[in-house]
$ cat entry.cif   # mmCIF, N, CA and C atoms
data_query
#
loop_
_atom_site.label_atom_id
_atom_site.label_comp_id
_atom_site.auth_asym_id
_atom_site.auth_seq_id
_atom_site.Cartn_x
_atom_site.Cartn_y
_atom_site.Cartn_z
N MET T 84 54.20 50.76 140.96
CA MET T 84 55.43 51.53 140.91
C MET T 84 56.01 51.54 139.50
N SER T 85 56.02 50.38 138.84
CA SER T 85 56.59 50.31 137.49
C SER T 85 55.74 51.10 136.49
N ILE T 86 54.46 51.18 136.72
CA ILE T 86 53.59 51.96 135.82
C ILE T 86 53.96 53.43 135.92
N PHE T 87 54.20 53.90 137.13
CA PHE T 87 54.58 55.30 137.30
C PHE T 87 55.95 55.58 136.70
N THR T 88 56.86 54.64 136.84
CA THR T 88 58.19 54.80 136.26
C THR T 88 58.10 54.85 134.75
N MET T 89 57.31 53.97 134.17
CA MET T 89 57.15 53.96 132.72
C MET T 89 56.47 55.25 132.24
N GLY T 90 55.46 55.69 132.95
CA GLY T 90 54.80 56.95 132.61
C GLY T 90 55.74 58.13 132.70
N TYR T 91 56.57 58.12 133.72
CA TYR T 91 57.56 59.19 133.89
C TYR T 91 58.52 59.23 132.71
N LEU T 92 59.01 58.07 132.28
CA LEU T 92 59.94 58.02 131.16
C LEU T 92 59.29 58.48 129.87
N ILE T 93 58.03 58.10 129.68
CA ILE T 93 57.33 58.53 128.47
C ILE T 93 57.19 60.05 128.45
N PHE T 94 56.79 60.63 129.58
CA PHE T 94 56.64 62.08 129.61
C PHE T 94 57.97 62.80 129.61
N LYS T 95 59.00 62.19 130.19
CA LYS T 95 60.31 62.84 130.23
C LYS T 95 60.89 62.99 128.84
N TYR T 96 60.75 61.98 128.01
CA TYR T 96 61.35 62.01 126.68
C TYR T 96 60.36 62.40 125.59
N ASP T 97 59.22 62.95 125.96
CA ASP T 97 58.23 63.38 124.98
C ASP T 97 58.72 64.65 124.30
N ILE T 98 59.02 64.54 123.02
CA ILE T 98 59.60 65.66 122.28
C ILE T 98 58.63 66.84 122.20
N PHE T 99 57.36 66.59 122.07
CA PHE T 99 56.40 67.69 121.93
C PHE T 99 56.26 68.46 123.23
N LYS T 100 56.38 67.77 124.34
CA LYS T 100 56.32 68.46 125.63
C LYS T 100 57.51 69.40 125.78
N ARG T 101 58.71 68.92 125.41
CA ARG T 101 59.90 69.77 125.51
C ARG T 101 59.80 70.96 124.58
N LEU T 102 59.30 70.73 123.38
CA LEU T 102 59.18 71.83 122.42
C LEU T 102 58.13 72.84 122.88
N ALA T 103 57.03 72.35 123.41
CA ALA T 103 55.96 73.23 123.85
C ALA T 103 56.38 74.06 125.06
N GLU T 104 57.15 73.48 125.96
CA GLU T 104 57.59 74.22 127.14
C GLU T 104 58.49 75.39 126.77
N LYS T 105 59.31 75.21 125.75
CA LYS T 105 60.22 76.27 125.35
C LYS T 105 59.53 77.31 124.48
N GLY T 106 58.36 76.98 123.97
CA GLY T 106 57.58 77.93 123.19
C GLY T 106 58.20 78.31 121.88
N ILE T 107 58.90 77.38 121.24
CA ILE T 107 59.59 77.73 120.00
C ILE T 107 59.09 76.94 118.80
N ILE T 108 57.93 76.34 118.92
CA ILE T 108 57.43 75.53 117.82
C ILE T 108 56.13 76.13 117.29
N ASN T 109 55.98 76.13 116.00
CA ASN T 109 54.74 76.60 115.40
C ASN T 109 53.74 75.45 115.34
N LYS T 110 52.48 75.76 115.42
CA LYS T 110 51.46 74.72 115.41
C LYS T 110 51.43 73.95 114.09
N ASP T 111 51.83 74.60 113.01
CA ASP T 111 51.79 73.94 111.71
C ASP T 111 53.13 73.32 111.32
N PHE T 112 54.12 73.36 112.21
CA PHE T 112 55.45 72.79 111.97
C PHE T 112 56.11 73.37 110.73
N SER T 113 55.81 74.61 110.39
CA SER T 113 56.35 75.20 109.17
C SER T 113 57.84 75.48 109.26
N ASP T 114 58.38 75.61 110.45
CA ASP T 114 59.81 75.89 110.59
C ASP T 114 60.61 74.65 110.92
N CYS T 115 60.04 73.47 110.70
CA CYS T 115 60.71 72.21 111.02
C CYS T 115 61.04 71.44 109.74
N TYR T 116 62.13 70.69 109.80
CA TYR T 116 62.43 69.73 108.75
C TYR T 116 63.17 68.55 109.36
N ILE T 117 63.14 67.43 108.66
CA ILE T 117 63.78 66.21 109.15
C ILE T 117 64.87 65.81 108.19
N LEU T 118 66.06 65.56 108.73
CA LEU T 118 67.15 64.97 107.96
C LEU T 118 67.12 63.48 108.26
N LYS T 119 66.86 62.69 107.23
CA LYS T 119 66.73 61.24 107.41
C LYS T 119 67.98 60.56 106.85
N TYR T 120 68.68 59.88 107.72
CA TYR T 120 69.85 59.08 107.36
C TYR T 120 69.43 57.62 107.40
N PRO T 121 70.21 56.70 106.80
CA PRO T 121 69.82 55.29 106.83
C PRO T 121 69.66 54.70 108.23
N LYS T 122 70.46 55.15 109.21
CA LYS T 122 70.40 54.57 110.54
C LYS T 122 69.69 55.42 111.58
N HIS T 123 69.47 56.70 111.30
CA HIS T 123 68.80 57.57 112.26
C HIS T 123 68.18 58.77 111.54
N ALA T 124 67.42 59.55 112.29
CA ALA T 124 66.79 60.75 111.74
C ALA T 124 66.91 61.87 112.77
N GLU T 125 66.89 63.11 112.28
CA GLU T 125 67.00 64.28 113.15
C GLU T 125 65.89 65.26 112.79
N LEU T 126 65.18 65.72 113.81
CA LEU T 126 64.17 66.75 113.64
C LEU T 126 64.84 68.09 113.93
N HIS T 127 64.86 68.98 112.95
CA HIS T 127 65.45 70.30 113.11
C HIS T 127 64.32 71.31 113.26
N ASN T 128 64.33 72.02 114.38
CA ASN T 128 63.33 73.04 114.66
C ASN T 128 64.08 74.31 115.03
N LYS T 129 64.10 75.25 114.10
CA LYS T 129 64.86 76.49 114.25
C LYS T 129 66.31 76.15 114.55
N ASP T 130 66.85 76.44 115.71
CA ASP T 130 68.26 76.14 115.99
C ASP T 130 68.45 74.91 116.86
N MET T 131 67.40 74.14 117.07
CA MET T 131 67.50 72.96 117.93
C MET T 131 67.37 71.70 117.09
N VAL T 132 68.10 70.65 117.50
CA VAL T 132 68.09 69.38 116.79
C VAL T 132 67.73 68.28 117.77
N TYR T 133 66.78 67.42 117.36
CA TYR T 133 66.34 66.30 118.18
C TYR T 133 66.51 65.01 117.39
N LYS T 134 67.14 64.01 117.99
CA LYS T 134 67.23 62.70 117.35
C LYS T 134 65.90 61.99 117.57
N ILE T 135 65.35 61.46 116.48
CA ILE T 135 64.05 60.80 116.56
C ILE T 135 64.11 59.45 115.84
N ASP T 136 63.15 58.60 116.14
CA ASP T 136 62.93 57.37 115.39
C ASP T 136 61.91 57.74 114.31
N PHE T 137 62.33 57.76 113.07
CA PHE T 137 61.52 58.27 111.97
C PHE T 137 60.18 57.55 111.85
N ASP T 138 60.21 56.23 111.83
CA ASP T 138 58.96 55.46 111.66
C ASP T 138 58.02 55.66 112.84
N GLU T 139 58.56 55.64 114.05
CA GLU T 139 57.71 55.81 115.23
C GLU T 139 57.15 57.23 115.31
N PHE T 140 57.94 58.22 114.88
CA PHE T 140 57.49 59.61 114.90
C PHE T 140 56.23 59.78 114.08
N PHE T 141 56.22 59.24 112.86
CA PHE T 141 55.04 59.39 112.00
C PHE T 141 53.95 58.39 112.34
N ARG T 142 54.28 57.30 113.01
CA ARG T 142 53.25 56.38 113.47
C ARG T 142 52.45 57.03 114.61
N LEU T 143 53.15 57.74 115.49
CA LEU T 143 52.48 58.41 116.60
C LEU T 143 51.81 59.72 116.18
N ASN T 144 52.27 60.31 115.09
CA ASN T 144 51.75 61.60 114.62
C ASN T 144 51.43 61.53 113.13
N PRO T 145 50.42 60.76 112.73
CA PRO T 145 50.15 60.59 111.31
C PRO T 145 49.70 61.87 110.61
N LYS T 146 49.15 62.81 111.34
CA LYS T 146 48.69 64.06 110.72
C LYS T 146 49.84 64.94 110.26
N LEU T 147 51.05 64.69 110.78
CA LEU T 147 52.21 65.51 110.42
C LEU T 147 52.86 65.06 109.12
N LYS T 148 52.48 63.89 108.62
CA LYS T 148 53.07 63.39 107.38
C LYS T 148 52.68 64.33 106.25
N GLY T 149 53.65 64.86 105.58
CA GLY T 149 53.40 65.81 104.51
C GLY T 149 53.52 67.26 104.95
N LYS T 150 53.41 67.52 106.26
CA LYS T 150 53.56 68.89 106.76
C LYS T 150 55.01 69.23 107.07
N ILE T 151 55.79 68.22 107.41
CA ILE T 151 57.20 68.43 107.73
C ILE T 151 58.04 67.97 106.54
N THR T 152 58.94 68.81 106.09
CA THR T 152 59.82 68.48 104.99
C THR T 152 60.81 67.40 105.42
N VAL T 153 60.92 66.33 104.64
CA VAL T 153 61.86 65.25 104.93
C VAL T 153 62.95 65.27 103.86
N ILE T 154 64.19 65.39 104.29
CA ILE T 154 65.34 65.43 103.38
C ILE T 154 66.16 64.17 103.63
N GLU T 155 66.27 63.32 102.62
CA GLU T 155 67.03 62.08 102.77
C GLU T 155 68.50 62.36 102.47
N ARG T 156 69.36 61.85 103.34
CA ARG T 156 70.81 62.04 103.22
C ARG T 156 71.50 60.69 103.28
N PRO T 157 72.65 60.54 102.61
CA PRO T 157 73.42 59.29 102.73
C PRO T 157 74.15 59.26 104.07
N GLU T 158 74.49 58.06 104.51
CA GLU T 158 75.23 57.91 105.77
C GLU T 158 76.62 58.51 105.62
N VAL T 159 77.11 59.11 106.69
CA VAL T 159 78.42 59.76 106.69
C VAL T 159 79.48 58.75 107.11
N ASP T 160 80.57 58.69 106.34
CA ASP T 160 81.69 57.83 106.72
C ASP T 160 82.57 58.64 107.67
N SER T 161 82.40 58.41 108.96
CA SER T 161 83.09 59.23 109.96
C SER T 161 84.58 58.95 110.05
N THR T 162 85.07 57.94 109.32
CA THR T 162 86.51 57.66 109.34
C THR T 162 87.29 58.60 108.44
N LYS T 163 86.59 59.27 107.57
CA LYS T 163 87.26 60.21 106.65
C LYS T 163 86.92 61.64 107.06
N ALA T 164 87.94 62.42 107.31
CA ALA T 164 87.74 63.81 107.74
C ALA T 164 87.06 64.63 106.65
N PHE T 165 87.38 64.35 105.40
CA PHE T 165 86.78 65.10 104.30
C PHE T 165 85.28 64.85 104.22
N ALA T 166 84.84 63.61 104.49
CA ALA T 166 83.41 63.28 104.44
C ALA T 166 82.64 64.02 105.53
N VAL T 167 83.25 64.13 106.71
CA VAL T 167 82.60 64.86 107.80
C VAL T 167 82.50 66.34 107.44
N LYS T 168 83.57 66.89 106.87
CA LYS T 168 83.56 68.30 106.47
C LYS T 168 82.49 68.55 105.39
N GLU T 169 82.38 67.62 104.45
CA GLU T 169 81.35 67.74 103.41
C GLU T 169 79.95 67.72 104.02
N GLU T 170 79.73 66.86 105.01
CA GLU T 170 78.42 66.76 105.66
C GLU T 170 78.07 68.05 106.39
N VAL T 171 79.06 68.64 107.06
CA VAL T 171 78.83 69.91 107.75
C VAL T 171 78.46 71.00 106.75
N GLU T 172 79.16 71.05 105.63
CA GLU T 172 78.84 72.03 104.59
C GLU T 172 77.46 71.76 103.98
N ALA T 173 77.13 70.49 103.77
CA ALA T 173 75.82 70.15 103.20
C ALA T 173 74.70 70.56 104.16
N ARG T 174 74.90 70.33 105.47
CA ARG T 174 73.90 70.74 106.46
C ARG T 174 73.73 72.25 106.47
N ARG T 175 74.83 72.96 106.38
CA ARG T 175 74.77 74.43 106.36
C ARG T 175 73.99 74.91 105.13
N LYS T 176 74.25 74.28 103.99
CA LYS T 176 73.55 74.65 102.75
C LYS T 176 72.06 74.30 102.84
N ILE T 177 71.74 73.12 103.39
CA ILE T 177 70.34 72.72 103.54
C ILE T 177 69.60 73.71 104.43
N LYS T 178 70.22 74.09 105.53
CA LYS T 178 69.59 75.03 106.45
C LYS T 178 69.36 76.39 105.78
N ALA T 179 70.36 76.88 105.05
CA ALA T 179 70.22 78.17 104.37
C ALA T 179 69.14 78.10 103.29
N ASP T 180 69.13 77.02 102.50
CA ASP T 180 68.12 76.87 101.46
C ASP T 180 66.72 76.76 102.05
N PHE T 181 66.60 76.02 103.15
CA PHE T 181 65.29 75.85 103.78
C PHE T 181 64.76 77.19 104.27
N TRP T 182 65.59 77.97 104.94
CA TRP T 182 65.13 79.26 105.46
C TRP T 182 64.85 80.25 104.33
N GLU T 183 65.61 80.17 103.25
CA GLU T 183 65.35 81.05 102.10
C GLU T 183 63.99 80.70 101.48
N LYS T 184 63.72 79.41 101.36
CA LYS T 184 62.43 78.96 100.82
C LYS T 184 61.29 79.41 101.72
N ARG T 185 61.48 79.29 103.04
CA ARG T 185 60.44 79.71 104.00
C ARG T 185 60.17 81.21 103.89
N LYS T 186 61.23 82.01 103.75
CA LYS T 186 61.05 83.46 103.63
C LYS T 186 60.25 83.81 102.38
N LYS T 187 60.58 83.14 101.26
CA LYS T 187 59.87 83.41 100.01
C LYS T 187 58.40 83.02 100.11
N SER T 188 58.11 81.88 100.75
CA SER T 188 56.72 81.46 100.86
C SER T 188 55.94 82.36 101.80
N LYS T 189 56.59 82.89 102.84
CA LYS T 189 55.91 83.81 103.74
C LYS T 189 55.65 85.15 103.06
N GLN T 190 56.55 85.58 102.16
CA GLN T 190 56.35 86.83 101.45
C GLN T 190 55.19 86.70 100.46
N LYS T 191 55.02 85.52 99.86
CA LYS T 191 53.93 85.30 98.92
C LYS T 191 52.59 85.35 99.61
N THR T 192 52.52 84.84 100.84
CA THR T 192 51.26 84.81 101.56
C THR T 192 50.93 86.17 102.18
N ALA T 193 51.93 87.01 102.38
CA ALA T 193 51.70 88.31 103.02
C ALA T 193 51.17 89.33 102.05
#
$ encode --input "entry.cif" --output "structure tokens"
Amino acid sequence: MSIFTMGYLIFKYDIFKRLAEKGIINKDFSDCYILKYPKHAELHNKDMVYKIDFDEFFRLNPKLKGKITVIERPEVDSTKAFAVKEEVEARRKIKADFWEKRKKSKQKTA
């Protein structure tokens, strides 16, 4: 019984299964990037965000190292409203820059 429960939890929280079911991920992960903070990491895939364990993610998927852009960010001081606002603006800028870079690289290959 416990083996089935453990298997269920592994499959339930499998990020690749969720991404594959929705059909919004490219096989080469070209539209993905990771924001790495000191205490956590987030996988951004188009308009969806997944919290991941950075070390475990690349330990389980060593072939993805170097294929997904990793952007290191400082930890946000959530006690200051200005710091949170700056982080939101920085995320917006990162997303815009990433998509602009992707468009340019796709135009070069076309």
$ atom_distance --input "entry.cif" --atom1 "atom N of T:Lys146" --atom2 "atom C of T:Phe112"
12.7 Å
$ atom_distance --input "entry.cif" --atom1 "atom CA of T:Tyr116" --atom2 "atom CA of T:Glu158"
17.7 Å
$ residues_around --input "entry.cif" --residues "T:Arg156" --least-positions-apart "3" --cutoff "7 Å" --atoms "all atoms listed in the file" --output "PyMOL selection string"
chain T and resi 118-121+159
$ closest_residue --input "entry.cif" --among "T:Glu125, T:Asp114, T:Glu170, T:Glu183" --to "T:Ile154" --atoms "only C-alpha atoms"
T:Glu125
$ atom_distance --input "entry.cif" --atom1 "atom CA of T:Arg175" --atom2 "atom CA of T:Met131"
13.7 Å
$ closest_residue --input "entry.cif" --among "T:Ala166, T:Leu143, T:Val171, T:Val153" --to "T:His127" --atoms "only C-alpha atoms"
T:Val153
$ closest_residue --input "entry.cif" --among "T:Phe140, T:Lys148, T:Asp160, T:Glu155" --to "T:Arg174" --atoms "only C-alpha atoms"
T:Glu155
$ decode --input "entry.cif" --residues "stretch 166-187 of chain T" --atoms "N, CA, C and O atoms" --output "tab-separated table (two decimals), in the first residue's frame"
chain	number	residue	atom	x	y	z
T	166	ALA	N	10.93	47.05	-2.13
T	166	ALA	CA	11.71	45.91	-2.60
T	166	ALA	C	10.83	44.94	-3.40
T	166	ALA	O	11.25	44.41	-4.42
T	167	VAL	N	9.60	44.75	-2.93
T	167	VAL	CA	8.68	43.86	-3.65
T	167	VAL	C	8.32	44.48	-5.00
T	167	VAL	O	8.29	43.79	-6.02
T	168	LYS	N	8.08	45.79	-5.01
T	168	LYS	CA	7.76	46.47	-6.27
T	168	LYS	C	8.93	46.39	-7.25
T	168	LYS	O	8.74	46.15	-8.44
T	169	GLU	N	10.15	46.55	-6.73
T	169	GLU	CA	11.33	46.42	-7.59
T	169	GLU	C	11.45	45.02	-8.18
T	169	GLU	O	11.81	44.86	-9.34
T	170	GLU	N	11.15	43.99	-7.38
T	170	GLU	CA	11.23	42.61	-7.85
T	170	GLU	C	10.21	42.35	-8.95
T	170	GLU	O	10.50	41.69	-9.94
T	171	VAL	N	9.00	42.89	-8.78
T	171	VAL	CA	7.97	42.73	-9.81
T	171	VAL	C	8.42	43.39	-11.11
T	171	VAL	O	8.28	42.81	-12.20
T	172	GLU	N	8.98	44.58	-11.01
T	172	GLU	CA	9.49	45.26	-12.20
T	172	GLU	C	10.66	44.50	-12.83
T	172	GLU	O	10.75	44.40	-14.05
T	173	ALA	N	11.54	43.97	-12.00
T	173	ALA	CA	12.69	43.21	-12.52
T	173	ALA	C	12.21	41.95	-13.24
T	173	ALA	O	12.72	41.61	-14.31
T	174	ARG	N	11.21	41.27	-12.67
T	174	ARG	CA	10.65	40.07	-13.34
T	174	ARG	C	10.03	40.44	-14.67
T	174	ARG	O	10.19	39.71	-15.65
T	175	ARG	N	9.31	41.54	-14.70
T	175	ARG	CA	8.68	41.99	-15.95
T	175	ARG	C	9.75	42.28	-17.01
T	175	ARG	O	9.61	41.90	-18.18
T	176	LYS	N	10.84	42.93	-16.59
T	176	LYS	CA	11.93	43.25	-17.51
T	176	LYS	C	12.64	41.97	-17.99
T	176	LYS	O	12.96	41.84	-19.17
T	177	ILE	N	12.88	41.03	-17.07
T	177	ILE	CA	13.52	39.76	-17.43
T	177	ILE	C	12.68	39.02	-18.46
T	177	ILE	O	13.19	38.52	-19.46
T	178	LYS	N	11.38	38.97	-18.22
T	178	LYS	CA	10.48	38.27	-19.14
T	178	LYS	C	10.49	38.93	-20.52
T	178	LYS	O	10.60	38.25	-21.54
T	179	ALA	N	10.42	40.26	-20.56
T	179	ALA	CA	10.43	40.97	-21.83
T	179	ALA	C	11.75	40.77	-22.56
T	179	ALA	O	11.77	40.51	-23.77
T	180	ASP	N	12.87	40.87	-21.84
T	180	ASP	CA	14.18	40.67	-22.46
T	180	ASP	C	14.35	39.25	-22.98
T	180	ASP	O	14.91	39.04	-24.05
T	181	PHE	N	13.88	38.28	-22.20
T	181	PHE	CA	13.99	36.88	-22.61
T	181	PHE	C	13.22	36.64	-23.90
T	181	PHE	O	13.73	36.02	-24.83
T	182	TRP	N	11.99	37.13	-23.98
T	182	TRP	CA	11.18	36.91	-25.18
T	182	TRP	C	11.73	37.67	-26.37
T	182	TRP	O	11.69	37.18	-27.50
T	183	GLU	N	12.30	38.84	-26.13
T	183	GLU	CA	12.92	39.60	-27.23
T	183	GLU	C	14.12	38.84	-27.78
T	183	GLU	O	14.31	38.74	-28.99
T	184	LYS	N	14.92	38.28	-26.88
T	184	LYS	CA	16.09	37.50	-27.29
T	184	LYS	C	15.65	36.26	-28.07
T	184	LYS	O	16.26	35.90	-29.07
T	185	ARG	N	14.58	35.59	-27.61
T	185	ARG	CA	14.07	34.40	-28.30
T	185	ARG	C	13.58	34.75	-29.70
T	185	ARG	O	13.81	34.02	-30.64
T	186	LYS	N	12.88	35.88	-29.84
T	186	LYS	CA	12.39	36.29	-31.15
T	186	LYS	C	13.55	36.54	-32.12
T	186	LYS	O	13.50	36.13	-33.27
T	187	LYS	N	14.60	37.21	-31.62
T	187	LYS	CA	15.75	37.50	-32.47
T	187	LYS	C	16.45	36.22	-32.90
T	187	LYS	O	16.86	36.09	-34.05
